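Trainee: Handing you a structure now.
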Amino acid sequence: MTVARDACWGPAQVHALAVREAFEAITASGFLVTLEEPDLPLHAPEGESKDLARRRKQEGDLSVWRGDPYLLLPEASQLVDVCVSIREDLGFSMLYDLAGCDLSADAANLQIVYGFLNLSRKQRLVLLTEVAKDQLHLPSVAKVFPAADWHEREASEMYGLIFDGHPDPRALLLPEDWEGFPLRKDYVFPEEYGGIPWA
Amino acid sequence: MDGNFISHLLSASLPPGFPFWGLALLAAFLGALCVVGFVSILALVSVWLERKIAGHIQARLGPMRTGGWHGWSQTLADAIKLLTKEDVILRGADPVLFRLAPALVMGSALAMFAVLPFAPGVQFADIDLGVYFLLAVASLTTIGVIMAGWGSNNKWSLYGAMREAAQATSYEIPLALSLIPPILHFGTFSLLSATEQQSGWGGMQWYIFSDAFWVAIPSFFLFFTAALAENKRAPFDLPESESELVAGFHTEYSGLRFAFFFLEEYAAMFAASAVATAYWLGGWNFPGMTFLSTGSLWLPILGALAFLLKAMFLVCVMIWIRWTLPRLRIDQVMTLGWKYLTPLALGIMVAAAGWEAWRASL
Amino acid sequence: MTSSAFSRWWRNLSDGVISTARGMRITLRTFLRKPVTVQYPDEKPDLGGRYRGIHYLEQDLCIYCDACAKACPVDCIEMDATRHGKELEWHAFTLDYNRCMLCELCVYPCPKDCIHQGEEYALVTEDREDMVRDLLTWKGLTEEQKQKVAEVEALKAQRAAGGGE
Amino acid sequence: MGLTPSFAQAPGSEVEVAVPTQDCSINMGPQHPATHGVMRLLLKADGEVLTGAQAHLGYLHRCAEKIGENVDWTQYLPYTDRYDYLSAMNNNLGYSLAVEKLMGLEVPERAQWMRVLLAELNRIASHLFAVGTYGLDLGAFTPLFYTLREREEILDLFQEICGARLTCTFIRPGGLFNDAPEGWLEKVESFLCRFEERWKEYDALLLRNKIFIERTAGIGTLSGNDAVTWGVTGPLLRASGVDWDLRRDQPYLVYDQLDFEVPLGVGRQGEVGDCWDRTEVRMSEMLASLSMIRQCLDKMPDGAIQHPDAGPVLRPAPGRAYVGVENPRGELGHWLVSDGTKHPVRVRMRSPSFCNLSVVEHLLPGAMLGDAAAILGSIDIVVGETDR
């Protein structure tokens, strides 16, 4: 950590440190998480990203990547307990974002990303968990972080996820009778909606 | 019938054998026609004024196109548009109440003009209890608004109607109480007589300039505020508050029926201003009127002009206030009415009574 | 009524009156100032040199490379031309303003700097079909081009004849 | 006492209600003047007092996130203009920074200063609109026209620099599309001088007005704790007394070289975190932005405005990056996933209005019907952003 000033897109070092600290704390309290750190530093040598892109296209894997470090929680069933621990023990009082992600139509899992913010220590923490596409159940954290309420509703209608224990699992942005889950990669655009054909 | 110049004119021009009841009927009909015409023109002018004043207050121009000079005929065009629009009555609405409400509202506004003393000899009827008549007729509007709100079968309209009911009944009290100081001062309920009593000092012995000015001025402000609330003008436009209730009691109205509500607002504004003019600002009296001989034709003309100018000035102030202030909330409107204006009006009434009694004892 | 309650009552009243008067002074001042709005069709606003209005095309520069169409996020540019050697016979260069969001992303990738956004902005029409605008100033081949093509053809024929010999 | 009475005659007090009453459900929206767009609130009301509220979103849902997966990295830029259409520059900035983070590019110095300048100008424009329409929600028409007057001047400046007034598409990954034209920075300077005078007018006309204070003070109070647990950001969070501003606490661009104040709600007229505080924080933020723009003008370096590596077609390295920027309405986060091709895999935006709006269902019960407009207006949503 010799860089004097953070890059113009914000403090990356604070973030990396925070994730490492959180990883140690959460592991110490007995949860199974893994620390995922990028293979590529944020300032990559010139041309490297193009090489990577080519390699990735040829090999078709998602193994090499750049970006923020995060924590991966392999067991989604532990989610609520981990969230309680993150809030109570680590002081991340705000859940600033919760989003699903479908990497490709062939992927077996859907990813769900949780972003936490510690206002007093000015840290961010990203937690990622995965659910199999044929199972789709995961616990709701809306009781721990009320902010998750609407985010979970949105993720559930967009990806078909089912958040067990959500207080109000109605559709939020889409009509109640919308078929399919639009943000999935295998989503097929409907020919019509309610008898109205797509122009 | 001595104040009614129409019956004067008629009795002069009709054959001598014409029956009295016919004369009265004809006079009433012509008078009503005059009132309707006058109110319509007045409302058109006031709406145009409101738009221009609002425009310039908001650093813009207001209507500029229709009719050439500063869009003078914009409201005329709007009136024609409203007249030719489809008259929609909702299937769920109460047809009787829905139809009756605009007529009642408009009728009450027009009736107010019957007792206003415009100029010497220009008054349709001088009633002994002129102010009582005005207050009574003005409160008919409330009933019309409640009918409109209930008959529309729309929840927003109903809210507007209920607000109007609460607000109008509350503000009647400070409104009536604030009229008591001038009534005590002039010792009459008749607007004509009150106006005539203010003609002294070369036409400048207005109530607010009289020896009782220290009760006259606060009572004038009270009356003005209560009249704003009574006429549903901002900051008391709760019954139609467009950012809360869409358009309140007239949400479902269109075309001519909507035009009636629109017209009524401006007619009532003018009527309230006219009462304030007659009681506080000297009515038709203007400085320099003593130079005119009593029989001169200029006296009614200039008198009417003075009266109209004073009343229109107050209307403009109402417009000015509307485009300055935010709206109160309904409970704050009630608080203001009951906890601020009513006690103040009572205090001023007592002060005025004491002052008049002391003056009478001299 | 305690004295503090009364003073609060009095303060509320005076605050209301004073702040209303202050507000009315501000509105009156603006009332007396000159309005800032302009009467639009009579007075045209100054759009500045970079205004992103309806596109225009410098057709003689265009090389039919499709860069603008590829850069368009909404795929609203369509072009059609036949190449006669170096010369282009233009059939269509349409921009669908039903979709276009005037983002200027088509302007930057152009290698010849031939597509621009002008100062015209009024897109009023009664028919949606009118929103699909053809940016071409001429269609087909100009006389000059025809001559050039003919020359090239002649040259080619000559060469072919020469080659045949 | 004030003009606000204690209307809460709780059931079980000595007044016995003999008439059985029924709560009235009112449908506020999707077309209602106070919902700032097409949003629907299902209100339950006992007379004038609200007993429940339920928000229905989605009337302006345009699948912005799905579109992101079907266009390439640069082509997504115009779509960012359109979710918070009142602060297009800030949205462009948030997206561009996230893409740059994925690419590992740092934009040239001048571009960074220009970006801050443009973002702060747009913040003023957005706050002007927010305060103006808030007056409109409370029945005061005129402040809106005054604030629009100044906002137009900012939009004119935008039009001069980028050619568009509202949907700028100007800050792009790698820098800016264009440098400022000749004399533009001087025009910004002269606007700032005019603006300071006008700011006082809104303050006296709207914020210090007794009726405005009565309508907003103590209404819709959101405590600091609640604000944090509900994920509220931006002026709302700061009005609740939580000292958090991304520009200062997680500085991006050159914000760490600027000296500015972060205004907080202190409950001067009512309670900390009420509607008045929110408006006041927005008003003070305009002045803070003003001083930031002044500093930008002073320190503006010369140089390039575009990174040489960022061509028209971008191919960021595979990865996952999040960048949050302080938008006028709160933290706008872009969560980008790339697989190294020219199309994004996932474009997720954490839109501030969406998170801020989620408290509305909890602020409304107990307030009055007239307060519904006041509370909703003070949250200052842009429906394009809540629905995306």
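A note on labels: chains of the structure tokens are A, B, ... as shown, every chain counts residues from 1, and ligands are counted from 1 in their shown order.
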According to DSSP computed on the backbone, where in stretch 4-193 of chain A is there alpha helix (DSSP H)? Give the residues as an NGL selection string.
Mentor: :A and (12-28 or 48-59 or 79-88 or 148-159)
Trainee: Please find the residues of chain D near chain A - the criterion being any atom within 7 Å, counting only C-alpha atoms - and write them as a compact mmCIF listing (two decimals) with C-alpha atoms, in the first residue's frame.
Mentor:
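Writing the result to out.txt gives the following:
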# COMPACT_ATOMS: atom_id res chain seq x y z
CA HIS D 56 -47.02 0.72 -6.08
CA LEU D 57 -44.14 1.30 -8.41
CA GLY D 58 -43.30 0.30 -11.91
CA HIS D 61 -40.15 0.84 -15.53
CA LYS D 66 -31.81 -5.28 -19.16
CA LEU D 97 -16.32 6.08 -13.01
CA LYS D 101 -12.61 1.33 -12.47
CA LEU D 102 -13.19 -1.84 -14.44
CA GLY D 104 -8.20 0.65 -14.65
CA GLU D 106 -7.58 7.29 -14.53
CA VAL D 228 -29.52 4.19 8.23
CA THR D 229 -31.42 0.94 8.58
CA TRP D 230 -33.68 1.86 5.67
CA GLY D 231 -30.68 2.53 3.46
CA TRP D 244 -22.27 11.06 5.76
CA ASP D 249 -16.00 10.35 3.31
CA GLN D 250 -15.13 8.25 0.29
CA PRO D 251 -13.76 10.93 -2.01
CA TYR D 252 -13.65 10.30 -5.72
CA LEU D 253 -12.25 12.54 -8.46
CA VAL D 254 -10.73 15.61 -6.83
CA PRO D 316 -13.01 -3.54 -19.86
CA ALA D 317 -11.25 -6.46 -18.26
CA PRO D 318 -13.42 -9.20 -16.84
CA GLY D 319 -14.47 -8.26 -13.37
CA ARG D 320 -16.94 -6.79 -11.02
CA ALA D 321 -16.75 -3.23 -9.81
CA VAL D 323 -18.60 2.79 -7.62
CA GLY D 340 -14.16 -8.88 -21.20
CA THR D 341 -16.40 -8.51 -24.23
CA VAL D 345 -22.89 -8.84 -18.33
CA ARG D 346 -24.76 -7.00 -15.67
CA ARG D 350 -28.41 1.33 -6.88
CA SER D 358 -38.93 2.83 0.62
CA ASP D 387 -38.52 2.44 -11.52
Trainee: Measure the distance from atom CA of D:Ser240 to atom CA of D:Thr221 in Å and round it to one decimal.
Mentor: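 Separation between atom CA of D:Ser240 and atom CA of D:Thr221: 8.0 Å.
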Trainee: Give me, as JSON lines, each residue of stretch 152-223 of chain B that comes within 6 Å of stretch 283-300 of chain B, together with its shortest interatomic pair and the distance in Å at one decimal, counting only C-alpha atoms, with rows ordered by chain and rising residue number.
Mentor:
{"residue": "B:Thr195", "atom": "CA", "partner": "B:Gly283", "partner_atom": "CA", "distance": 5.3}
{"residue": "B:Ser199", "atom": "CA", "partner": "B:Asn285", "partner_atom": "CA", "distance": 5.7}
{"residue": "B:Gly202", "atom": "CA", "partner": "B:Thr290", "partner_atom": "CA", "distance": 5.5}
{"residue": "B:Gly203", "atom": "CA", "partner": "B:Pro287", "partner_atom": "CA", "distance": 4.8}
{"residue": "B:Met204", "atom": "CA", "partner": "B:Pro287", "partner_atom": "CA", "distance": 5.8}
Trainee: Keeping all heavy atoms for every residue in the selection just given, could you write it to a file as a tab-separated table (two decimals), in the first residue's frame?
Mentor:
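And here is the file that came out, again_15.tsv:
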chain	number	residue	atom	x	y	z
B	195	THR	N	-72.23	53.76	3.28
B	195	THR	CA	-71.44	54.47	2.27
B	195	THR	C	-71.72	55.96	2.34
B	195	THR	O	-70.80	56.78	2.26
B	195	THR	CB	-71.76	53.94	0.88
B	195	THR	OG1	-71.71	52.53	0.92
B	195	THR	CG2	-70.79	54.45	-0.13
B	199	SER	N	-69.13	60.10	3.31
B	199	SER	CA	-68.87	61.08	2.24
B	199	SER	C	-68.30	62.38	2.77
B	199	SER	O	-68.00	63.27	1.99
B	199	SER	CB	-70.16	61.33	1.46
B	199	SER	OG	-71.12	61.85	2.36
B	202	GLY	N	-64.81	65.98	2.22
B	202	GLY	CA	-64.54	65.98	0.78
B	202	GLY	C	-64.41	64.59	0.22
B	202	GLY	O	-63.62	64.34	-0.68
B	203	GLY	N	-65.18	63.66	0.75
B	203	GLY	CA	-65.16	62.30	0.23
B	203	GLY	C	-64.06	61.45	0.81
B	203	GLY	O	-63.71	60.42	0.27
B	204	MET	N	-63.45	61.89	1.89
B	204	MET	CA	-62.36	61.11	2.47
B	204	MET	C	-62.65	60.64	3.89
B	204	MET	O	-61.76	60.13	4.57
B	204	MET	CB	-61.07	61.95	2.49
B	204	MET	CG	-60.37	62.03	1.15
B	204	MET	SD	-60.03	60.42	0.45
B	204	MET	CE	-58.61	59.95	1.41
Trainee: Sort by chain and increasing residue number a table of all residues of chain C within 6 Å of chain D, each with its closest pair of atoms and their distance in Å to one decimal, counting only C-alpha atoms, and write it as a Markdown table.
Mentor:
| residue | atom | partner | partner_atom | distance |
| --- | --- | --- | --- | --- |
| C:Gly16 | CA | D:Lys210 | CA | 5.0 |
| C:Ser19 | CA | D:Asn209 | CA | 5.1 |
| C:Gly23 | CA | D:Leu205 | CA | 4.7 |
| C:Gly48 | CA | D:Glu160 | CA | 5.2 |
| C:Arg50 | CA | D:Gly163 | CA | 4.6 |
| C:Tyr51 | CA | D:Gly163 | CA | 3.8 |
| C:Arg52 | CA | D:Gly163 | CA | 4.9 |
| C:Pro73 | CA | D:Gln75 | CA | 4.8 |
Trainee: I need the residue nearest chain D from this list: B:Ile183, B:Leu61, B:Leu281, B:Leu26. Use only C-alpha atoms for the distance.
Mentor: B:Leu61
Trainee: Set the distance at 12 Å and use only C-alpha atoms: which residues neighbour B:Arg65 once local chain neighbours fewer than 2 positions away are removed? I'd like the list as a PyMOL selection string.
Mentor: (chain B and resi 61-63+67-75+77) or (chain C and resi 39-42)
Trainee: Quick one: write out the picked residues with all heavy atoms as a tab-separated table (two decimals), in the first residue's frame?
Mentor:
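Contents of part25.tsv, as written:
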chain	number	residue	atom	x	y	z
B	61	LEU	N	-44.56	36.16	-18.66
B	61	LEU	CA	-45.42	37.16	-19.29
B	61	LEU	C	-46.91	36.91	-19.11
B	61	LEU	O	-47.70	37.83	-19.20
B	61	LEU	CB	-45.11	37.22	-20.79
B	61	LEU	CG	-43.76	37.81	-21.16
B	61	LEU	CD1	-43.34	37.33	-22.52
B	61	LEU	CD2	-43.83	39.32	-21.13
B	62	GLY	N	-47.31	35.67	-18.90
B	62	GLY	CA	-48.73	35.38	-18.88
B	62	GLY	C	-49.26	35.32	-20.30
B	62	GLY	O	-48.49	35.35	-21.26
B	63	PRO	N	-50.60	35.26	-20.47
B	63	PRO	CA	-51.12	35.16	-21.84
B	63	PRO	C	-50.74	36.38	-22.66
B	63	PRO	O	-50.81	37.50	-22.19
B	63	PRO	CB	-52.64	35.09	-21.62
B	63	PRO	CG	-52.88	35.50	-20.22
B	63	PRO	CD	-51.64	35.20	-19.47
B	67	GLY	N	-56.07	37.70	-29.03
B	67	GLY	CA	-56.68	39.02	-29.07
B	67	GLY	C	-55.71	40.15	-29.24
B	67	GLY	O	-56.09	41.31	-29.19
B	68	GLY	N	-54.44	39.85	-29.39
B	68	GLY	CA	-53.51	40.94	-29.63
B	68	GLY	C	-52.91	41.49	-28.36
B	68	GLY	O	-52.08	40.83	-27.74
B	69	TRP	N	-53.39	42.64	-27.91
B	69	TRP	CA	-52.74	43.35	-26.81
B	69	TRP	C	-52.72	42.52	-25.54
B	69	TRP	O	-53.75	42.31	-24.91
B	69	TRP	CB	-53.43	44.69	-26.57
B	69	TRP	CG	-52.70	45.52	-25.57
B	69	TRP	CD1	-51.60	46.28	-25.79
B	69	TRP	CD2	-53.01	45.64	-24.18
B	69	TRP	NE1	-51.20	46.86	-24.61
B	69	TRP	CE2	-52.05	46.50	-23.62
B	69	TRP	CE3	-54.01	45.12	-23.36
B	69	TRP	CZ2	-52.05	46.84	-22.27
B	69	TRP	CZ3	-54.01	45.45	-22.02
B	69	TRP	CH2	-53.03	46.31	-21.49
B	70	HIS	N	-51.57	42.03	-25.14
B	70	HIS	CA	-51.38	41.29	-23.89
B	70	HIS	C	-52.42	40.21	-23.67
B	70	HIS	O	-52.85	39.97	-22.54
B	70	HIS	CB	-51.33	42.25	-22.71
B	70	HIS	CG	-50.00	42.93	-22.59
B	70	HIS	ND1	-49.01	42.49	-21.77
B	70	HIS	CD2	-49.49	44.00	-23.24
B	70	HIS	CE1	-47.95	43.27	-21.89
B	70	HIS	NE2	-48.22	44.18	-22.79
B	71	GLY	N	-52.86	39.59	-24.73
B	71	GLY	CA	-53.78	38.46	-24.61
B	71	GLY	C	-55.07	38.80	-23.91
B	71	GLY	O	-55.59	38.00	-23.14
B	72	TRP	N	-55.62	40.00	-24.21
B	72	TRP	CA	-56.78	40.45	-23.44
B	72	TRP	C	-57.97	39.53	-23.58
B	72	TRP	O	-58.81	39.43	-22.70
B	72	TRP	CB	-57.16	41.88	-23.81
B	72	TRP	CG	-57.64	42.02	-25.23
B	72	TRP	CD1	-56.89	42.28	-26.32
B	72	TRP	CD2	-58.99	41.89	-25.70
B	72	TRP	NE1	-57.63	42.31	-27.45
B	72	TRP	CE2	-58.94	42.07	-27.10
B	72	TRP	CE3	-60.22	41.64	-25.11
B	72	TRP	CZ2	-60.08	42.00	-27.89
B	72	TRP	CZ3	-61.35	41.56	-25.89
B	72	TRP	CH2	-61.28	41.75	-27.27
B	73	SER	N	-58.09	38.82	-24.69
B	73	SER	CA	-59.29	38.01	-24.87
B	73	SER	C	-59.02	36.54	-24.57
B	73	SER	O	-59.79	35.67	-24.96
B	73	SER	CB	-59.82	38.16	-26.29
B	73	SER	OG	-58.86	37.68	-27.20
B	74	GLN	N	-57.95	36.25	-23.84
B	74	GLN	CA	-57.65	34.86	-23.52
B	74	GLN	C	-58.78	34.21	-22.74
B	74	GLN	O	-59.21	33.11	-23.06
B	74	GLN	CB	-56.36	34.81	-22.70
B	74	GLN	CG	-55.92	33.42	-22.30
B	74	GLN	CD	-55.57	32.56	-23.49
B	74	GLN	OE1	-54.83	32.98	-24.36
B	74	GLN	NE2	-56.13	31.38	-23.55
B	75	THR	N	-59.31	34.91	-21.75
B	75	THR	CA	-60.37	34.31	-20.95
B	75	THR	C	-61.65	34.18	-21.75
B	75	THR	O	-62.43	33.26	-21.54
B	75	THR	CB	-60.64	35.13	-19.68
B	75	THR	OG1	-60.49	36.49	-19.97
B	75	THR	CG2	-59.70	34.73	-18.59
B	77	ALA	N	-61.76	33.48	-24.90
B	77	ALA	CA	-61.56	32.25	-25.67
B	77	ALA	C	-61.76	31.03	-24.79
B	77	ALA	O	-62.38	30.04	-25.20
B	77	ALA	CB	-60.15	32.24	-26.27
C	39	GLN	N	-41.02	35.33	-26.02
C	39	GLN	CA	-42.12	34.81	-26.83
C	39	GLN	C	-41.52	33.93	-27.91
C	39	GLN	O	-40.98	34.43	-28.89
C	39	GLN	CB	-42.89	35.98	-27.44
C	39	GLN	CG	-43.77	36.69	-26.47
C	39	GLN	CD	-44.87	35.80	-25.95
C	39	GLN	OE1	-44.68	35.09	-24.97
C	39	GLN	NE2	-46.01	35.80	-26.58
C	40	TYR	N	-41.65	32.62	-27.73
C	40	TYR	CA	-40.80	31.72	-28.49
C	40	TYR	C	-40.81	31.88	-30.02
C	40	TYR	O	-39.76	32.22	-30.56
C	40	TYR	CB	-41.03	30.28	-28.06
C	40	TYR	CG	-40.61	29.28	-29.10
C	40	TYR	CD1	-39.29	29.26	-29.54
C	40	TYR	CD2	-41.50	28.41	-29.66
C	40	TYR	CE1	-38.89	28.38	-30.52
C	40	TYR	CE2	-41.10	27.53	-30.63
C	40	TYR	CZ	-39.80	27.52	-31.06
C	40	TYR	OH	-39.41	26.67	-32.04
C	41	PRO	N	-41.90	31.69	-30.71
C	41	PRO	CA	-41.67	31.68	-32.17
C	41	PRO	C	-41.20	33.03	-32.70
C	41	PRO	O	-40.56	33.09	-33.73
C	41	PRO	CB	-43.04	31.32	-32.75
C	41	PRO	CG	-43.85	30.86	-31.61
C	41	PRO	CD	-43.31	31.52	-30.40
C	42	ASP	N	-41.52	34.11	-31.97
C	42	ASP	CA	-41.07	35.42	-32.43
C	42	ASP	C	-39.59	35.63	-32.13
C	42	ASP	O	-38.84	36.14	-32.95
C	42	ASP	CB	-41.88	36.53	-31.75
C	42	ASP	CG	-43.36	36.33	-31.98
C	42	ASP	OD1	-43.70	35.67	-32.98
C	42	ASP	OD2	-44.17	36.81	-31.17
Trainee: Up to 8 Å from chain C, what residues of chain B turn up? Count only C-alpha atoms and give them as a ChimeraX atom specification.
Mentor: /B:53,56-61,320-321,323-325,340
Trainee: Keeping N, CA and C atoms, export the residues of the selection given above as an mmCIF file, in the first residue's frame.
Mentor:
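Output file out_39.cif follows:
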data_model
loop_
_atom_site.group_PDB
_atom_site.id
_atom_site.type_symbol
_atom_site.label_atom_id
_atom_site.label_comp_id
_atom_site.auth_asym_id
_atom_site.auth_seq_id
_atom_site.Cartn_x
_atom_site.Cartn_y
_atom_site.Cartn_z
ATOM 1 N N ILE B 53 -51.132 38.946 -13.570
ATOM 2 C CA ILE B 53 -50.404 39.238 -12.327
ATOM 3 C C ILE B 53 -49.559 38.036 -11.945
ATOM 4 N N HIS B 56 -46.502 37.886 -14.187
ATOM 5 C CA HIS B 56 -45.420 38.837 -13.910
ATOM 6 C C HIS B 56 -44.796 38.599 -12.555
ATOM 7 N N ILE B 57 -45.598 38.140 -11.595
ATOM 8 C CA ILE B 57 -45.012 37.796 -10.294
ATOM 9 C C ILE B 57 -44.013 36.668 -10.476
ATOM 10 N N GLN B 58 -44.290 35.782 -11.406
ATOM 11 C CA GLN B 58 -43.417 34.629 -11.611
ATOM 12 C C GLN B 58 -42.381 34.875 -12.696
ATOM 13 N N ALA B 59 -42.084 36.130 -12.961
ATOM 14 C CA ALA B 59 -41.038 36.497 -13.912
ATOM 15 C C ALA B 59 -41.330 35.991 -15.307
ATOM 16 N N ARG B 60 -42.609 35.828 -15.636
ATOM 17 C CA ARG B 60 -42.949 35.471 -17.015
ATOM 18 C C ARG B 60 -44.041 36.417 -17.498
ATOM 19 N N LEU B 61 -44.564 36.159 -18.664
ATOM 20 C CA LEU B 61 -45.424 37.162 -19.294
ATOM 21 C C LEU B 61 -46.910 36.908 -19.113
ATOM 22 N N TRP B 320 -52.400 38.631 -5.450
ATOM 23 C CA TRP B 320 -51.006 38.778 -5.048
ATOM 24 C C TRP B 320 -50.698 37.810 -3.899
ATOM 25 N N ILE B 321 -51.598 37.727 -2.933
ATOM 26 C CA ILE B 321 -51.377 36.821 -1.800
ATOM 27 C C ILE B 321 -51.361 35.382 -2.292
ATOM 28 N N TRP B 323 -50.385 34.138 -5.018
ATOM 29 C CA TRP B 323 -49.166 33.724 -5.702
ATOM 30 C C TRP B 323 -47.934 33.932 -4.849
ATOM 31 N N THR B 324 -48.138 34.203 -3.577
ATOM 32 C CA THR B 324 -46.992 34.347 -2.686
ATOM 33 C C THR B 324 -46.910 33.213 -1.678
ATOM 34 N N LEU B 325 -48.057 32.795 -1.169
ATOM 35 C CA LEU B 325 -48.043 31.937 0.017
ATOM 36 C C LEU B 325 -48.258 30.469 -0.305
ATOM 37 N N TYR B 340 -57.113 32.000 16.562
ATOM 38 C CA TYR B 340 -56.467 33.282 16.296
ATOM 39 C C TYR B 340 -57.483 34.326 15.856
#
Trainee: Find the residue from C:Gln158, C:Ser14, C:Gln117, C:Thr82 that sits nearest to C:Gly53; use only C-alpha atoms when measuring.
Mentor: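 Selected residue with least distance to C:Gly53: C:Gln117.
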Trainee: Near stretch 77-79 of chain A, counting only C-alpha atoms, which residues have an atom at most 9 Å away, once you skip same-chain residues fewer than 5 positions from it, shown as a PyMOL selection string?
Mentor: chain A and resi 31-32+84+129+138-141
Trainee: For the residues in the current selection, export all heavy atoms as a CSV table (one decimal), in the first residue's frame.
Mentor:
chain,number,residue,atom,x,y,z
A,31,PHE,N,-18.4,-18.9,10.8
A,31,PHE,CA,-19.1,-19.0,9.6
A,31,PHE,C,-18.1,-19.4,8.4
A,31,PHE,O,-17.0,-19.0,8.5
A,31,PHE,CB,-19.9,-17.7,9.2
A,31,PHE,CG,-20.9,-17.3,10.2
A,31,PHE,CD1,-20.7,-16.3,11.1
A,31,PHE,CD2,-22.1,-18.0,10.3
A,31,PHE,CE1,-21.6,-15.9,12.0
A,31,PHE,CE2,-23.0,-17.7,11.2
A,31,PHE,CZ,-22.8,-16.6,12.1
A,32,LEU,N,-18.7,-20.0,7.5
A,32,LEU,CA,-17.8,-20.5,6.4
A,32,LEU,C,-17.9,-19.4,5.2
A,32,LEU,O,-18.9,-19.4,4.5
A,32,LEU,CB,-18.2,-21.8,5.9
A,32,LEU,CG,-17.4,-22.4,4.7
A,32,LEU,CD1,-16.0,-22.7,5.2
A,32,LEU,CD2,-18.1,-23.6,4.1
A,84,VAL,N,-26.6,-10.7,10.6
A,84,VAL,CA,-26.7,-10.2,12.0
A,84,VAL,C,-25.3,-10.0,12.5
A,84,VAL,O,-25.0,-8.9,13.1
A,84,VAL,CB,-27.4,-11.3,12.9
A,84,VAL,CG1,-27.3,-10.9,14.3
A,84,VAL,CG2,-28.9,-11.3,12.5
A,129,THR,N,-23.5,-14.4,-2.5
A,129,THR,CA,-23.9,-15.8,-2.2
A,129,THR,C,-24.5,-16.3,-3.5
A,129,THR,O,-24.9,-15.5,-4.4
A,129,THR,CB,-24.8,-15.9,-1.0
A,129,THR,OG1,-25.1,-17.2,-0.8
A,129,THR,CG2,-26.1,-15.1,-1.3
A,138,LEU,N,-33.8,-18.7,-0.8
A,138,LEU,CA,-32.8,-18.3,0.1
A,138,LEU,C,-33.5,-17.4,1.2
A,138,LEU,O,-34.6,-16.9,0.9
A,138,LEU,CB,-31.7,-17.5,-0.6
A,138,LEU,CG,-31.9,-16.1,-1.0
A,138,LEU,CD1,-30.5,-15.4,-1.2
A,138,LEU,CD2,-32.7,-16.0,-2.3
A,139,PRO,N,-32.9,-17.3,2.4
A,139,PRO,CA,-33.6,-16.6,3.4
A,139,PRO,C,-33.6,-15.1,3.2
A,139,PRO,O,-32.7,-14.6,2.6
A,139,PRO,CB,-32.8,-17.0,4.7
A,139,PRO,CG,-31.5,-17.4,4.2
A,139,PRO,CD,-31.7,-18.0,2.8
A,140,SER,N,-34.7,-14.5,3.7
A,140,SER,CA,-34.8,-13.0,3.5
A,140,SER,C,-34.1,-12.3,4.7
A,140,SER,O,-34.1,-12.8,5.8
A,140,SER,CB,-36.3,-12.6,3.5
A,140,SER,OG,-36.4,-11.3,3.9
A,141,VAL,N,-33.4,-11.2,4.4
A,141,VAL,CA,-32.7,-10.5,5.4
A,141,VAL,C,-33.5,-9.2,5.8
A,141,VAL,O,-33.0,-8.4,6.4
A,141,VAL,CB,-31.3,-10.1,5.1
A,141,VAL,CG1,-30.4,-11.4,4.9
A,141,VAL,CG2,-31.2,-9.3,3.8
Trainee: Quick one: residues within 12 Å of B:Glu356, only C-alpha atoms counted, chain neighbours fewer than 5 positions away excluded, as number ranges by chain?
Mentor: B: 180-187, 210-213, 215-216, 348-351, 361-362
Trainee: Leaving out C:Arg99 and any residue of its chain fewer than 2 positions from it, which residues lie within 12 Å of it when counting only C-alpha atoms, given as a ChimeraX atom specification?
Mentor: /C:72-77,94-97,101-103,128,131-133
Trainee: Any chance you can output those residues with C-alpha atoms as a JSON list (two decimals), in the first residue's frame?
Mentor:
[["chain", "number", "residue", "atom", "x", "y", "z"],
["C", 72, "CYS", "CA", -25.96, 4.00, -32.30],
["C", 73, "PRO", "CA", -27.44, 2.62, -29.07],
["C", 74, "VAL", "CA", -30.92, 2.37, -30.55],
["C", 75, "ASP", "CA", -30.05, 1.23, -34.07],
["C", 76, "CYS", "CA", -31.84, 4.07, -35.74],
["C", 77, "ILE", "CA", -29.43, 4.68, -38.62],
["C", 94, "THR", "CA", -32.27, 7.13, -43.00],
["C", 95, "LEU", "CA", -32.44, 8.16, -39.41],
["C", 96, "ASP", "CA", -35.47, 7.07, -37.43],
["C", 97, "TYR", "CA", -36.33, 9.92, -35.08],
["C", 101, "MET", "CA", -32.34, 10.10, -28.59],
["C", 102, "LEU", "CA", -30.01, 12.72, -30.02],
["C", 103, "CYS", "CA", -27.09, 11.50, -27.95],
["C", 128, "ARG", "CA", -44.99, 8.75, -37.59],
["C", 131, "MET", "CA", -40.09, 10.82, -38.37],
["C", 132, "VAL", "CA", -37.92, 8.57, -40.50],
["C", 133, "ARG", "CA", -35.80, 11.13, -42.26]]
